[in-house]
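Inspection log for the structure reproduced underneath, given as structure tokens.
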Amino acid sequence: MSFYNEMFEDDGNARLCYLKYLEWLNAPEQTDLIKRKEEAENVFRRTGITFNVYSEKEETEKLIPFDLIPRILTGDEWKIIQRGVEQRVKAINSFLWDIYHHQEIIKAGIIPHSLIEQNEAFLPEMIGFTPPSGIYTHIAGIDLVRTSEKEFFVLEDNVRTPSGVSYMIENRETMYNMFPELFSKIKVRSVTEYPAKLLRALKASSPQLLNDSTVAVLTPGMYNSAYFEHSFLADQMGVELVESQDLQIIDGRVAMRTTQGFKIIDVLYRRVDDMFLDPLSFNENSALGVPGIMDVYKSGSITIANAPGTGIADDKAIYSYIPEIIRFYTGQKALLKNVETWLCRNKEHLQYVLENMSSLVVKEVHGSGGYGMLIGPAASKQELSAFKKKLVRNPANYIAQPTLSLSTVPVLKKSGLVPRHVDLRPFALVSRDNVFVTDGGLTRVALKKGSLVVNSSQGGGTKDTWILENN
Amino acid sequence: MLGRNAAGIYWMFRYLERCENNARLLRAGLRISMTQYDHAGQDWESVLIATSIKTLFDKIYNECNSSSVINFILREKENPSSVISSIDKARQNARMIRTVLTKEVFESINEIYFNLKRLLKRPVTEQSLPKTIDIIQRQSALVRGCLHGTMLRNDVYDFARLGTFVERADNTARILDMKYHILLPAVSYVGSSVDISQWENILRSVSAYQSYRWLNENELNPQGICNYLILDDRLPRSLNFCSKNISLNLKSLSQSYSASFCSVKMSSGQFLYLKQLAIEEIFKNGLHEFLSTFLVKLNSISNQIEKDFRFYK
């Protein structure tokens with residue numbers, strides 16, 4: 001398989017958008033760049049940009065490896081992505097409204113009824129209810145991969161509680177600190193306004209038209225793997241970071257306990273999963289949620305972002321219908337392609353997957369973080385046959401996709417630049433009348449040679465993602 | 001601000017103060033062990049007594065010598081007040097309340113945590129003890145410096161200072177209480193070398209030896225030391241100084257919240273009481289009785305702060 005190298009053409013010449021960067025990189029004073037890697041890691045450690053790993057006892061906080069070589073996209077390439085993401089997120093919000101109201105898309109025979117009703121991510125509590133401001137997914141992260149100069153595919157939609165935006169911002173901060181001279185040479189679009197835009201979008205979705213509504217971020221707590229991001233966003237927005245123990249329902253409103261008594265919250269940006277949000281409605285053993293918050297929500301007294309029940313739209317089985325969902329609600333063709341997907345719940349698809357497993361990637365419908373997936377071409381015979389057994393036992397739990405030839409961007413090693421596979425997660429913020437896509441995103445990079453798994457839980461790293469100004 | 005965040009910053013600074021107090025105590029212990037040849041072992045034991053965790057120590061260790069005591073106070077995870085336990089909890093609180101800390105304060109506490117963790121990975125020998133203590137003191141000075149230099153003077157700051165002064169007052173009172181027997185003039189001890197070195201130890205363990213000499217021309221006597229550590233409002237570790245600051249910080253909270261609180265009344269009562277007190281009176285009624293009452297009152301002020309500012313409910 002040949003892979004699209006984003007920095008170099010096949011003949012070894014640099015692509016246009018990397019020219020200026022390479023000029024800087026190849027200058028004599030850059031010879032000990034590899035040594036500065038440690039410098040970057042120290043910054044991350046000192047700043048506490050870590051994620052928690054549950055399995056290990058002693059060192060529970062890990063750094064996500066950061067590669068110093070940026071991933072660069074031109075303004076034109078970005079425009080394709082931006083428009084595609086915007087279209088997709090709009091369609092997903094329309095789909096969510098429809099699925100919890102009249103279900104026209106099922107009546108039209110586009111999506112099978114069983115796929116919705118039997119889905120864990122579908123919340124009957126949300127039927128007939130319209131969230132304040134009508135928005136379901138306020139914050140979305142769309143995972144993209146690139147296979148050639150012009151081809152981007154959507155690998156996955158994240159419309160529940162997408163994470164990674166703090167890394168996008170902190171990666172840039174680190175680059176600003178370490179290589180200030182680069183940014184005066186090359187005009188890179190800024191990502192730093194994201195928290196301000198997020199706050200504005202959240203405030204605009206407030207249930208009441210207030211001059212100053214109170215926003216808070218709800219975290220499961222400091223042992224959550226994304227805790228750094230939760231505190232980072234609360235801090236950057238200048239709002240409280242609350243936990244279950246801080247919240248109480250008072251007179252039909254959700255309020256947080258402050259040193260001066262209880263204060264009402266209008267908009268809750270929650271980073272707690274649906275199932276843990278309200279022990280009275282969902283998982284009764286949850287200590288992470290707020291008992292009764294769903295009643296408050298349904299009375300229209302608080303905005304929960306993202307809305308409960310959005311997971312039905314980023315389910316891996318629904319994913320394959322997204323192009324049709326886009327056509328159904330917008331009348332347009334999808335701008336970003338989907339990866340061909342076989343749903344193993346379907347008998348013919350299952351047959352195909354079983355016969356071609358060694359060339360496919362098989363994933364769990366509700367899986368995430370790169371766990372529980374099989375990469376056919378990299379699997380041994382034993383692994384393949386073991387996975388086949390699992391698959392046959394519960395086909396509806398799996399989907400399969402062709403192994404994509406993910407593009408590569410070089411990473412810095414002692415031996416010099418070596419190509420590694422990357423993906424890209426741009427972030428979108430939804431307001432009543434527009435969708436804002438941040439000029440940047442999180443580039444994740446597989447650090448092992450040949451590996452296609454970019455997840456941080458599986459040893460992936462990140463890169464700063466540059467969108468160039470057009471000129 | 002969230003009640004939980006107020007609790008977080010209060011405890012963060014209590015633990016940080018505790019960490020530093022431990023280091024100071026060890027420095028005093030080391031000093032004594034170097035200058036006193038006849039009482040090796042006993043000097044280290046006196047360090048344990050001051051921290052009031054001798055019982056726990058005896059459960060874990062068989063022998064009381066320099067290395068076991070140093071290890072227990074610096075590195076023992078089963079000792080909830082050891083340096084490593086304290087810094088761990090201070091940083092845990094800091095992580096919990098990151099959103100009310102400046103970058104500088106958070107990064108400095110994060111740095112001290114990583115440095116101490118590395119430093120205390122292996123047992124600390126008597127030889128490397130001075131350097132270790134030095135690092136602990138310097139690093140906690142850095143956090144304090146960042147607090148003073150970068151934090152807004154608002155409720156968050158008040159809670160940080162409250163944590164510091166409550167812990168400090170508690171520490172000074174405990175050290176005095178644990179050694180009150182040697183501060184009381186007992187016929188057989190007076191004037192002996194043991195006696196003087198113990199007094200010196202007390203002063204050193206609250207970083208007051210140098211300043212005591214400035215003020216008293218090296219005249220070490222029990223009443224003078226007690227007067228200094230309890231009533232002198234110039235000494236930043238005296239009970240009087242700490243009580244004054246607890247009261248001031250609570251008043252400032254009361255002002256910025258435009259509300260009155262029980263803890264404000266309690267603390268200002270305590271301060272006014274200390275202010276008019278004379279050391280003779282304390283000695284007349286019993287030093288131990290005085291200190292016990294002080295600790296009980298301090299504890300009830302701390303509990304009242306928790307309630308007044310809704311730390312937990």
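Labels for the structure tokens follow display order: chains A, B, ..., residues from 1 in each chain, ligands from 1.
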Residues near Leu384 in chain A, cut-off 12 Å, only C-alpha atoms, skip fewer than 4 positions along chain, as a PyMOL selection string: chain A and resi 353-362+373-380+388-391
Neighbours of chain B in chain A at 12 Å, counting only C-alpha atoms, as an MDAnalysis selection string: chainID A and resid 42:50 58:59 61 216:217 219:224 227:248 255:263
Keeping only N, CA and C atoms, write those residues as a short mmCIF file (atom, residue, chain, number, x, y, z; two decimals), in the first residue's frame.
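Written output follows (out-v4.cif):
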data_model
loop_
_atom_site.label_atom_id
_atom_site.label_comp_id
_atom_site.auth_asym_id
_atom_site.auth_seq_id
_atom_site.Cartn_x
_atom_site.Cartn_y
_atom_site.Cartn_z
N ASN A 42 8.75 18.79 29.45
CA ASN A 42 8.79 19.42 30.77
C ASN A 42 7.71 20.47 30.92
N VAL A 43 7.46 21.22 29.84
CA VAL A 43 6.40 22.22 29.89
C VAL A 43 5.07 21.54 30.18
N PHE A 44 4.80 20.44 29.47
CA PHE A 44 3.54 19.74 29.66
C PHE A 44 3.41 19.20 31.08
N ARG A 45 4.51 18.66 31.60
CA ARG A 45 4.45 18.09 32.93
C ARG A 45 4.24 19.19 33.98
N ARG A 46 4.97 20.28 33.81
CA ARG A 46 4.86 21.36 34.78
C ARG A 46 3.46 21.96 34.75
N THR A 47 2.93 22.12 33.56
CA THR A 47 1.60 22.70 33.43
C THR A 47 0.52 21.71 33.86
N GLY A 48 0.89 20.45 34.01
CA GLY A 48 -0.09 19.45 34.43
C GLY A 48 -1.00 19.00 33.31
N ILE A 49 -0.49 19.07 32.07
CA ILE A 49 -1.29 18.60 30.95
C ILE A 49 -1.11 17.11 30.83
N THR A 50 -1.87 16.39 31.63
CA THR A 50 -1.68 14.95 31.69
C THR A 50 -3.03 14.27 31.54
N GLU A 58 1.22 3.06 40.26
CA GLU A 58 2.11 4.10 40.77
C GLU A 58 1.93 5.43 40.01
N GLU A 59 2.30 5.42 38.75
CA GLU A 59 2.25 6.66 37.98
C GLU A 59 0.92 6.71 37.24
N GLU A 61 -0.59 9.44 36.20
CA GLU A 61 -0.73 10.54 35.25
C GLU A 61 0.29 10.38 34.14
N ALA A 216 -21.64 26.67 33.90
CA ALA A 216 -20.69 25.88 34.69
C ALA A 216 -20.32 24.63 33.90
N VAL A 217 -19.12 24.12 34.18
CA VAL A 217 -18.67 22.88 33.55
C VAL A 217 -18.80 21.75 34.57
N THR A 219 -17.80 18.10 35.76
CA THR A 219 -16.79 17.06 35.55
C THR A 219 -17.07 15.88 36.48
N PRO A 220 -16.73 14.67 36.04
CA PRO A 220 -16.85 13.53 36.96
C PRO A 220 -15.84 13.63 38.10
N GLY A 221 -14.81 14.47 37.95
CA GLY A 221 -13.84 14.64 39.02
C GLY A 221 -12.42 14.47 38.55
N MET A 222 -11.47 14.69 39.47
CA MET A 222 -10.08 14.75 39.06
C MET A 222 -9.47 13.42 38.66
N TYR A 223 -10.20 12.33 38.88
CA TYR A 223 -9.64 11.05 38.46
C TYR A 223 -10.09 10.67 37.06
N ASN A 224 -10.93 11.49 36.45
CA ASN A 224 -11.35 11.23 35.09
C ASN A 224 -10.19 11.48 34.13
N TYR A 227 -9.76 15.02 32.90
CA TYR A 227 -9.94 16.07 33.91
C TYR A 227 -9.17 17.34 33.56
N PHE A 228 -7.97 17.18 33.03
CA PHE A 228 -7.22 18.38 32.69
C PHE A 228 -8.03 19.28 31.75
N GLU A 229 -8.63 18.66 30.76
CA GLU A 229 -9.41 19.44 29.80
C GLU A 229 -10.60 20.13 30.47
N HIS A 230 -11.27 19.43 31.37
CA HIS A 230 -12.42 20.04 32.05
C HIS A 230 -12.00 21.29 32.81
N SER A 231 -10.91 21.16 33.58
CA SER A 231 -10.50 22.32 34.36
C SER A 231 -9.93 23.41 33.46
N PHE A 232 -9.27 22.99 32.40
CA PHE A 232 -8.72 23.95 31.45
C PHE A 232 -9.85 24.81 30.84
N LEU A 233 -10.89 24.16 30.38
CA LEU A 233 -11.97 24.90 29.73
C LEU A 233 -12.71 25.80 30.73
N ALA A 234 -12.96 25.28 31.93
CA ALA A 234 -13.64 26.11 32.94
C ALA A 234 -12.78 27.33 33.25
N ASP A 235 -11.48 27.09 33.42
CA ASP A 235 -10.56 28.17 33.74
C ASP A 235 -10.52 29.21 32.62
N GLN A 236 -10.39 28.73 31.39
CA GLN A 236 -10.30 29.65 30.25
C GLN A 236 -11.58 30.44 30.03
N MET A 237 -12.72 29.82 30.35
CA MET A 237 -13.98 30.53 30.19
C MET A 237 -14.29 31.40 31.41
N GLY A 238 -13.57 31.15 32.50
CA GLY A 238 -13.85 31.90 33.73
C GLY A 238 -15.15 31.49 34.39
N VAL A 239 -15.48 30.20 34.29
CA VAL A 239 -16.70 29.72 34.95
C VAL A 239 -16.32 28.63 35.95
N GLU A 240 -17.27 28.27 36.81
CA GLU A 240 -16.98 27.27 37.83
C GLU A 240 -16.89 25.87 37.23
N LEU A 241 -15.97 25.09 37.78
CA LEU A 241 -15.88 23.67 37.44
C LEU A 241 -16.58 22.91 38.56
N VAL A 242 -17.74 22.35 38.29
CA VAL A 242 -18.51 21.73 39.37
C VAL A 242 -18.50 20.21 39.28
N GLU A 243 -18.71 19.60 40.44
CA GLU A 243 -18.86 18.16 40.53
C GLU A 243 -20.24 17.88 41.10
N SER A 244 -20.63 16.65 41.01
CA SER A 244 -21.93 16.24 41.53
C SER A 244 -22.19 16.80 42.93
N GLN A 245 -21.18 16.67 43.81
CA GLN A 245 -21.36 17.09 45.21
C GLN A 245 -21.61 18.59 45.38
N ASP A 246 -21.36 19.38 44.35
CA ASP A 246 -21.58 20.83 44.45
C ASP A 246 -23.00 21.22 44.07
N LEU A 247 -23.73 20.28 43.47
CA LEU A 247 -25.00 20.65 42.87
C LEU A 247 -26.20 20.13 43.64
N GLN A 248 -27.25 20.91 43.59
CA GLN A 248 -28.49 20.54 44.26
C GLN A 248 -29.65 21.15 43.49
N ALA A 255 -28.68 24.32 41.19
CA ALA A 255 -27.87 25.35 41.84
C ALA A 255 -26.58 24.76 42.36
N MET A 256 -25.52 25.61 42.41
CA MET A 256 -24.25 25.13 42.94
C MET A 256 -23.97 25.78 44.29
N ARG A 257 -23.33 24.99 45.17
CA ARG A 257 -23.05 25.49 46.51
C ARG A 257 -21.81 26.38 46.50
N THR A 258 -22.01 27.65 46.78
CA THR A 258 -20.86 28.56 46.84
C THR A 258 -20.64 28.97 48.29
N THR A 259 -19.58 29.70 48.52
CA THR A 259 -19.29 30.15 49.88
C THR A 259 -20.35 31.12 50.37
N GLN A 260 -21.15 31.65 49.45
CA GLN A 260 -22.19 32.60 49.85
C GLN A 260 -23.59 32.04 49.61
N GLY A 261 -23.71 30.72 49.61
CA GLY A 261 -25.03 30.13 49.42
C GLY A 261 -25.16 29.53 48.04
N PHE A 262 -26.37 29.13 47.67
CA PHE A 262 -26.56 28.44 46.41
C PHE A 262 -26.79 29.42 45.26
N LYS A 263 -26.17 29.11 44.15
CA LYS A 263 -26.28 29.98 42.99
C LYS A 263 -26.83 29.17 41.81
#
Backbone DSSP call of strand (DSSP E or B) for range 140-295 of chain A, listed as a PyMOL selection string: chain A and resi 140-146+152-158+188+215-218+240-242+247-250+253-258+261-264+267-270
Residues near Tyr319 in chain A, cut-off 9 Å, only C-alpha atoms, skip fewer than 3 positions along chain, as a PyMOL selection string: chain A and resi 155-157+313-316+322-323+338+341
Secondary structure check, helix (DSSP H, G or I) residues of range 36-275 of chain B, as number ranges by chain: B: 42-51, 54-60, 66-74, 83-96, 98-100, 103-119, 129-150, 155-178, 180-183, 193-205, 209-216, 222-231, 239-256, 262-275
d(CA of Leu120 in chain B, CA of Arg75 in chain B) in Å: 6.1 Å
Contact residues around Gly331 in chain A with only C-alpha atoms at 12 Å, ignoring same-chain residues under 5 positions, as a PyMOL selection string: chain A and resi 87+91+323-326
Selected residues written out, all heavy atoms, as an mmCIF file, in the first residue's frame:
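Final output, again-v6.cif:
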data_model
loop_
_atom_site.group_PDB
_atom_site.id
_atom_site.type_symbol
_atom_site.label_atom_id
_atom_site.label_comp_id
_atom_site.auth_asym_id
_atom_site.auth_seq_id
_atom_site.Cartn_x
_atom_site.Cartn_y
_atom_site.Cartn_z
ATOM 1 N N GLN A 87 -21.740 21.275 7.388
ATOM 2 C CA GLN A 87 -22.898 20.593 6.810
ATOM 3 C C GLN A 87 -23.291 19.377 7.643
ATOM 4 O O GLN A 87 -24.463 19.144 7.937
ATOM 5 C CB GLN A 87 -22.538 20.135 5.382
ATOM 6 C CG GLN A 87 -23.628 19.367 4.684
ATOM 7 C CD GLN A 87 -23.098 18.608 3.470
ATOM 8 O OE1 GLN A 87 -22.092 17.895 3.553
ATOM 9 N NE2 GLN A 87 -23.758 18.767 2.335
ATOM 10 N N ALA A 91 -26.783 18.786 9.824
ATOM 11 C CA ALA A 91 -27.660 17.659 9.513
ATOM 12 C C ALA A 91 -27.874 16.778 10.741
ATOM 13 O O ALA A 91 -28.980 16.300 10.993
ATOM 14 C CB ALA A 91 -27.060 16.838 8.375
ATOM 15 N N PRO A 323 -24.492 9.985 5.180
ATOM 16 C CA PRO A 323 -24.667 10.630 3.863
ATOM 17 C C PRO A 323 -26.144 10.772 3.486
ATOM 18 O O PRO A 323 -26.566 11.800 2.958
ATOM 19 C CB PRO A 323 -23.943 9.685 2.911
ATOM 20 C CG PRO A 323 -22.918 9.006 3.755
ATOM 21 C CD PRO A 323 -23.568 8.848 5.100
ATOM 22 N N GLU A 324 -26.933 9.734 3.820
ATOM 23 C CA GLU A 324 -28.364 9.814 3.520
ATOM 24 C C GLU A 324 -29.066 10.785 4.463
ATOM 25 O O GLU A 324 -30.011 11.463 4.078
ATOM 26 C CB GLU A 324 -28.980 8.424 3.619
ATOM 27 C CG GLU A 324 -28.509 7.531 2.474
ATOM 28 C CD GLU A 324 -28.898 6.092 2.682
ATOM 29 O OE1 GLU A 324 -30.085 5.791 2.498
ATOM 30 O OE2 GLU A 324 -28.019 5.283 3.041
ATOM 31 N N ILE A 325 -28.607 10.830 5.685
ATOM 32 C CA ILE A 325 -29.162 11.791 6.652
ATOM 33 C C ILE A 325 -28.927 13.216 6.143
ATOM 34 O O ILE A 325 -29.819 14.058 6.173
ATOM 35 C CB ILE A 325 -28.516 11.578 8.048
ATOM 36 C CG1 ILE A 325 -29.079 10.302 8.677
ATOM 37 C CG2 ILE A 325 -28.753 12.777 8.959
ATOM 38 C CD1 ILE A 325 -28.432 9.886 9.990
ATOM 39 N N ILE A 326 -27.729 13.462 5.630
ATOM 40 C CA ILE A 326 -27.413 14.792 5.108
ATOM 41 C C ILE A 326 -28.337 15.133 3.928
ATOM 42 O O ILE A 326 -28.924 16.213 3.874
ATOM 43 C CB ILE A 326 -25.925 14.884 4.685
ATOM 44 C CG1 ILE A 326 -25.024 14.792 5.913
ATOM 45 C CG2 ILE A 326 -25.657 16.184 3.904
ATOM 46 C CD1 ILE A 326 -23.542 14.739 5.616
#
What lies within 7 Å of range 66-80 of chain A using only C-alpha atoms, ignoring chain neighbours under 6 positions off, as a PDB file with N, CA, C and O atoms, in the first residue's frame?
ATOM      1  N   CYS A  17       3.003  23.810   0.878  1.00  0.00           N
ATOM      2  CA  CYS A  17       2.647  24.399   2.173  1.00  0.00           C
ATOM      3  C   CYS A  17       3.714  24.169   3.240  1.00  0.00           C
ATOM      4  O   CYS A  17       3.704  24.806   4.290  1.00  0.00           O
ATOM      5  N   TYR A  18       4.655  23.255   2.988  1.00  0.00           N
ATOM      6  CA  TYR A  18       5.715  22.991   3.964  1.00  0.00           C
ATOM      7  C   TYR A  18       7.025  23.707   3.625  1.00  0.00           C
ATOM      8  O   TYR A  18       7.992  23.593   4.362  1.00  0.00           O
ATOM      9  N   LYS A  37      12.847  18.398  22.459  1.00  0.00           N
ATOM     10  CA  LYS A  37      11.655  17.590  22.721  1.00  0.00           C
ATOM     11  C   LYS A  37      11.397  17.473  24.219  1.00  0.00           C
ATOM     12  O   LYS A  37      10.274  17.570  24.692  1.00  0.00           O
ATOM     13  N   VAL A 409       2.463  12.171   8.121  1.00  0.00           N
ATOM     14  CA  VAL A 409       3.230  13.402   8.303  1.00  0.00           C
ATOM     15  C   VAL A 409       4.478  12.973   9.054  1.00  0.00           C
ATOM     16  O   VAL A 409       4.384  12.130   9.941  1.00  0.00           O
ATOM     17  N   VAL A 411       7.407  12.585  11.744  1.00  0.00           N
ATOM     18  CA  VAL A 411       7.675  12.934  13.127  1.00  0.00           C
ATOM     19  C   VAL A 411       9.191  12.972  13.312  1.00  0.00           C
ATOM     20  O   VAL A 411       9.932  12.444  12.493  1.00  0.00           O
ATOM     21  N   LEU A 412       9.583  13.619  14.414  1.00  0.00           N
ATOM     22  CA  LEU A 412      11.006  13.796  14.655  1.00  0.00           C
ATOM     23  C   LEU A 412      11.566  12.638  15.477  1.00  0.00           C
ATOM     24  O   LEU A 412      11.106  12.372  16.583  1.00  0.00           O
ATOM     25  N   GLY A 461       0.388   9.915  19.740  1.00  0.00           N
ATOM     26  CA  GLY A 461       0.819  11.233  20.195  1.00  0.00           C
ATOM     27  C   GLY A 461       0.008  12.310  19.484  1.00  0.00           C
ATOM     28  O   GLY A 461      -0.950  12.009  18.774  1.00  0.00           O
ATOM     29  N   THR A 462       0.402  13.572  19.693  1.00  0.00           N
ATOM     30  CA  THR A 462      -0.293  14.660  19.016  1.00  0.00           C
ATOM     31  C   THR A 462       0.704  15.601  18.342  1.00  0.00           C
ATOM     32  O   THR A 462       1.895  15.586  18.648  1.00  0.00           O
ATOM     33  N   LYS A 463       0.160  16.394  17.431  1.00  0.00           N
ATOM     34  CA  LYS A 463       0.945  17.410  16.741  1.00  0.00           C
ATOM     35  C   LYS A 463       0.160  18.706  16.754  1.00  0.00           C
ATOM     36  O   LYS A 463      -1.072  18.680  16.814  1.00  0.00           O
ATOM     37  N   ASP A 464       0.866  19.811  16.655  1.00  0.00           N
ATOM     38  CA  ASP A 464       0.176  21.071  16.450  1.00  0.00           C
ATOM     39  C   ASP A 464      -0.321  21.100  15.005  1.00  0.00           C
ATOM     40  O   ASP A 464       0.383  20.670  14.091  1.00  0.00           O
ATOM     41  N   THR A 465      -1.543  21.587  14.823  1.00  0.00           N
ATOM     42  CA  THR A 465      -2.131  21.603  13.481  1.00  0.00           C
ATOM     43  C   THR A 465      -2.224  23.036  12.984  1.00  0.00           C
ATOM     44  O   THR A 465      -2.857  23.870  13.632  1.00  0.00           O
ATOM     45  N   TRP A 466      -1.561  23.304  11.874  1.00  0.00           N
ATOM     46  CA  TRP A 466      -1.533  24.672  11.352  1.00  0.00           C
ATOM     47  C   TRP A 466      -2.439  24.820  10.140  1.00  0.00           C
ATOM     48  O   TRP A 466      -2.325  24.055   9.183  1.00  0.00           O
ATOM     49  N   ILE A 467      -3.297  25.826  10.189  1.00  0.00           N
ATOM     50  CA  ILE A 467      -4.031  26.201   8.991  1.00  0.00           C
ATOM     51  C   ILE A 467      -3.397  27.497   8.506  1.00  0.00           C
ATOM     52  O   ILE A 467      -3.332  28.475   9.257  1.00  0.00           O
ATOM     53  N   LEU A 468      -2.911  27.491   7.293  1.00  0.00           N
ATOM     54  CA  LEU A 468      -2.209  28.670   6.793  1.00  0.00           C
ATOM     55  C   LEU A 468      -3.198  29.734   6.321  1.00  0.00           C
ATOM     56  O   LEU A 468      -4.280  29.425   5.836  1.00  0.00           O
ATOM     57  N   GLU A 469      -2.798  30.985   6.476  1.00  0.00           N
ATOM     58  CA  GLU A 469      -3.562  32.083   5.880  1.00  0.00           C
ATOM     59  C   GLU A 469      -3.396  31.979   4.371  1.00  0.00           C
ATOM     60  O   GLU A 469      -2.315  31.677   3.879  1.00  0.00           O
ATOM     61  N   ASN A 470      -4.467  32.245   3.650  1.00  0.00           N
ATOM     62  CA  ASN A 470      -4.350  32.233   2.189  1.00  0.00           C
ATOM     63  C   ASN A 470      -3.737  33.536   1.709  1.00  0.00           C
ATOM     64  O   ASN A 470      -4.264  34.600   1.989  1.00  0.00           O
TER      65      ASN A 470
END
